[in-house]
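J.: Can you keep this structure in mind? I'll have questions shortly.
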Amino acid sequence: NNNNNNNIMTTPITTTWDGNAMSQDDMMMKDTVLVLDATDGIIGSASKKDSHVFSSNQPRGVLHRAFSVFLFDESNGKLLLQQRASTKITFPNVWTNTCCSHPLHGMEPSEVDVSCADGKVLGVKHAAIRKLDHELGIPPSELDIAKFQFLTRLWYWAADTVTHGTASPWGEHEIDYVLFYTIPNKDALTINGHEDEVDAVKWVSPTELQTMLSDSKQYLFSPWFRLIVQKWMLGDDGWWTNLEESMSATSKYKDYTTIHRFDPPDEHLGGAGKAGKQFADQNEDK
């Protein structure tokens, strides 16, 4: 091609993504996240690193798309947690839901969803399958994309002050797609965690999780997981309490129009850009 337009990229280059061949630093520089506007519309791209930098120029980083997978064992209702590896750059050591990561530009199959109005969000689900394999060693052949249930979206941000101090240069700022998935029995699932991603895994009941959440000296939890659990998961009408309803194709819990907005717990305010509350008058959990 000699049309002198070699510097113009009309579509992202499709790449073969191999998390096992990349270090954490490689992924921070090479992974290209979906940059969003306030309506969850894609307006560009940024490296994973640049989107997670908290500074005076971007006090809450760059808003981008993410997903959070909650994987349950139907035989006993337990949820699979992971403890993020101590070597992770953002939020190391914390316990969180089964898998949390980002859809990326340039992937095959595509991880870009233009709209979530029909609830299919195949891009986010493809990203979830990719990362469940990378982080937890769950083979894609053991997962069925049609079984993922997309429930809703939350927009949250949090400076990683627990790891990096009150002037933390790192944090999260995401519109997060919540995905539920169930398996008949955990014994049918292969789990082989990647040492750069996961330090431990644990299947827990709601009661066991509440015990862990109350023991803040022994267990640190990600701010996004705490928000989701406190807002939606537990109690008489909780998504976990009513797992069969949550997994229904016509679940009453599904909401594809609202973007639920949350400021972080107070200990995750601040960071290098000294960010204060963004949604002070709009928090749904206040």
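All residue names refer to the structure tokens as shown: chains lettered A, B, ... in order, residues numbered from 1 in each chain, ligands numbered from 1 in order.
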For range 23-120 of chain A versus range 130-143 of chain A, which residues have an atom no more than 12 Å away, and what is each residue's nearest atom pair and distance in Å rounded to one decimal, using only C-alpha atoms, chain-then-number order, as JSON lines?

T.:
```
{"residue": "A:Gln24", "atom": "CA", "partner": "A:Glu135", "partner_atom": "CA", "distance": 12.0}
{"residue": "A:Ala66", "atom": "CA", "partner": "A:Lys131", "partner_atom": "CA", "distance": 11.6}
{"residue": "A:Phe67", "atom": "CA", "partner": "A:Lys131", "partner_atom": "CA", "distance": 10.3}
{"residue": "A:Ser68", "atom": "CA", "partner": "A:Lys131", "partner_atom": "CA", "distance": 10.6}
{"residue": "A:Val69", "atom": "CA", "partner": "A:Leu132", "partner_atom": "CA", "distance": 8.7}
{"residue": "A:Phe70", "atom": "CA", "partner": "A:Leu132", "partner_atom": "CA", "distance": 10.9}
{"residue": "A:Leu71", "atom": "CA", "partner": "A:Leu132", "partner_atom": "CA", "distance": 10.2}
{"residue": "A:Leu80", "atom": "CA", "partner": "A:Leu136", "partner_atom": "CA", "distance": 10.7}
{"residue": "A:Leu81", "atom": "CA", "partner": "A:Leu136", "partner_atom": "CA", "distance": 10.7}
{"residue": "A:Gln82", "atom": "CA", "partner": "A:Leu136", "partner_atom": "CA", "distance": 8.7}
{"residue": "A:Gln83", "atom": "CA", "partner": "A:Glu135", "partner_atom": "CA", "distance": 10.8}
{"residue": "A:Arg84", "atom": "CA", "partner": "A:Glu135", "partner_atom": "CA", "distance": 9.4}
{"residue": "A:Ala85", "atom": "CA", "partner": "A:Glu135", "partner_atom": "CA", "distance": 10.0}
{"residue": "A:Lys88", "atom": "CA", "partner": "A:Glu135", "partner_atom": "CA", "distance": 11.8}
{"residue": "A:Asn97", "atom": "CA", "partner": "A:Leu132", "partner_atom": "CA", "distance": 11.6}
{"residue": "A:Thr98", "atom": "CA", "partner": "A:Leu132", "partner_atom": "CA", "distance": 8.2}
{"residue": "A:Cys99", "atom": "CA", "partner": "A:Leu132", "partner_atom": "CA", "distance": 6.4}
{"residue": "A:Cys100", "atom": "CA", "partner": "A:Lys131", "partner_atom": "CA", "distance": 8.2}
{"residue": "A:Ser101", "atom": "CA", "partner": "A:Lys131", "partner_atom": "CA", "distance": 7.1}
{"residue": "A:His102", "atom": "CA", "partner": "A:Lys131", "partner_atom": "CA", "distance": 8.7}
{"residue": "A:Pro103", "atom": "CA", "partner": "A:Lys131", "partner_atom": "CA", "distance": 9.3}
{"residue": "A:Leu104", "atom": "CA", "partner": "A:Arg130", "partner_atom": "CA", "distance": 10.7}
{"residue": "A:Met107", "atom": "CA", "partner": "A:Arg130", "partner_atom": "CA", "distance": 10.0}
{"residue": "A:Glu108", "atom": "CA", "partner": "A:Arg130", "partner_atom": "CA", "distance": 10.4}
{"residue": "A:Pro109", "atom": "CA", "partner": "A:Arg130", "partner_atom": "CA", "distance": 9.9}
{"residue": "A:Ser110", "atom": "CA", "partner": "A:Arg130", "partner_atom": "CA", "distance": 11.3}
{"residue": "A:Glu111", "atom": "CA", "partner": "A:Arg130", "partner_atom": "CA", "distance": 9.9}
```

J.: Got a sec to tell me which of range 8-177 of chain A DSSP assigns to strand (DSSP E), as a PyMOL selection string?

T.: chain A and resi 32-36+42-47+64-73+78-84+95-96+99-101+149-159+171-177

J.: Hey, which of A:Lys78, A:Arg65, A:Lys217, A:Lys49 ends up closest to Val124 in chain A? Count only C-alpha atoms.

T.: A:Arg65

J.: Residues at most 9 Å from Lys186 in chain A, counting only C-alpha atoms, excluding those fewer than 5 positions away in the same chain, as an NGL selection string?

T.: :A and (72-75)

J.: Report as a ChimeraX atom specification: the residues of range 34-262 of chain A with a DSSP assignment of alpha helix (DSSP H), based on the backbone of this structure.

T.: /A:48-52,122-136,161-164,206-214,223-228,243-246

J.: With distances taken over only C-alpha atoms, which residue among A:Ser86, A:Asn93, A:Gln230, A:Asn76 lies nearest Asp196 in chain A?

T.: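 Among the listed residues, A:Ser86 lies closest to Asp196 in chain A.
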
J.: Which residue gives the smallest distance to His52 in chain A among A:Ser246, A:Thr96, A:Gln149, A:Ser168, with only C-alpha atoms counted?

T.: A:Ser168

J.: Near Gly41 in chain A, counting only C-alpha atoms, which residues have an atom at most 9 Å away, once you skip same-chain residues fewer than 3 positions from it, shown as a PDB file with C-alpha atoms, in the first residue's frame?

T.:
```
ATOM      1  CA  VAL A  35     -12.480   5.291  26.723  1.00  0.00           C
ATOM      2  CA  LEU A  36     -16.034   6.431  27.475  1.00  0.00           C
ATOM      3  CA  ASP A  37     -18.213   9.494  27.802  1.00  0.00           C
ATOM      4  CA  ALA A  38     -20.797   9.912  30.557  1.00  0.00           C
ATOM      5  CA  VAL A 114     -21.706  -0.117  20.660  1.00  0.00           C
ATOM      6  CA  SER A 115     -24.857  -0.507  22.745  1.00  0.00           C
TER       7      SER A 115
END
```

J.: Extract, using only C-alpha atoms, all DNA, RNA and protein residues at most 10 Å from Leu151 in chain A, discarding same-chain residues fewer than 3 positions from it, and format them as a list in words.

T.: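 Those residues are Gly119, Phe148, Tyr177, Val178, Leu179, Phe180, Trp239, Ser246, Met247, Ser251, Lys252, Tyr253, Lys254, Asp255 and Tyr256 of chain A.
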
J.: For Thr39 in chain A, which residue among A:Ile228, A:Val62, A:Ala249, A:Ile175 is the nearest when counting only C-alpha atoms?

T.: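 When distances to Thr39 in chain A are compared using only C-alpha atoms, the smallest one comes from A:Ile175.
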
J.: Pick from A:Asn192, A:Asp113, A:His173, A:Lys147: nearest to Ile129 in chain A, with only C-alpha atoms counted?

T.: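 For Ile129 in chain A, the nearest of the given residues is A:Lys147.
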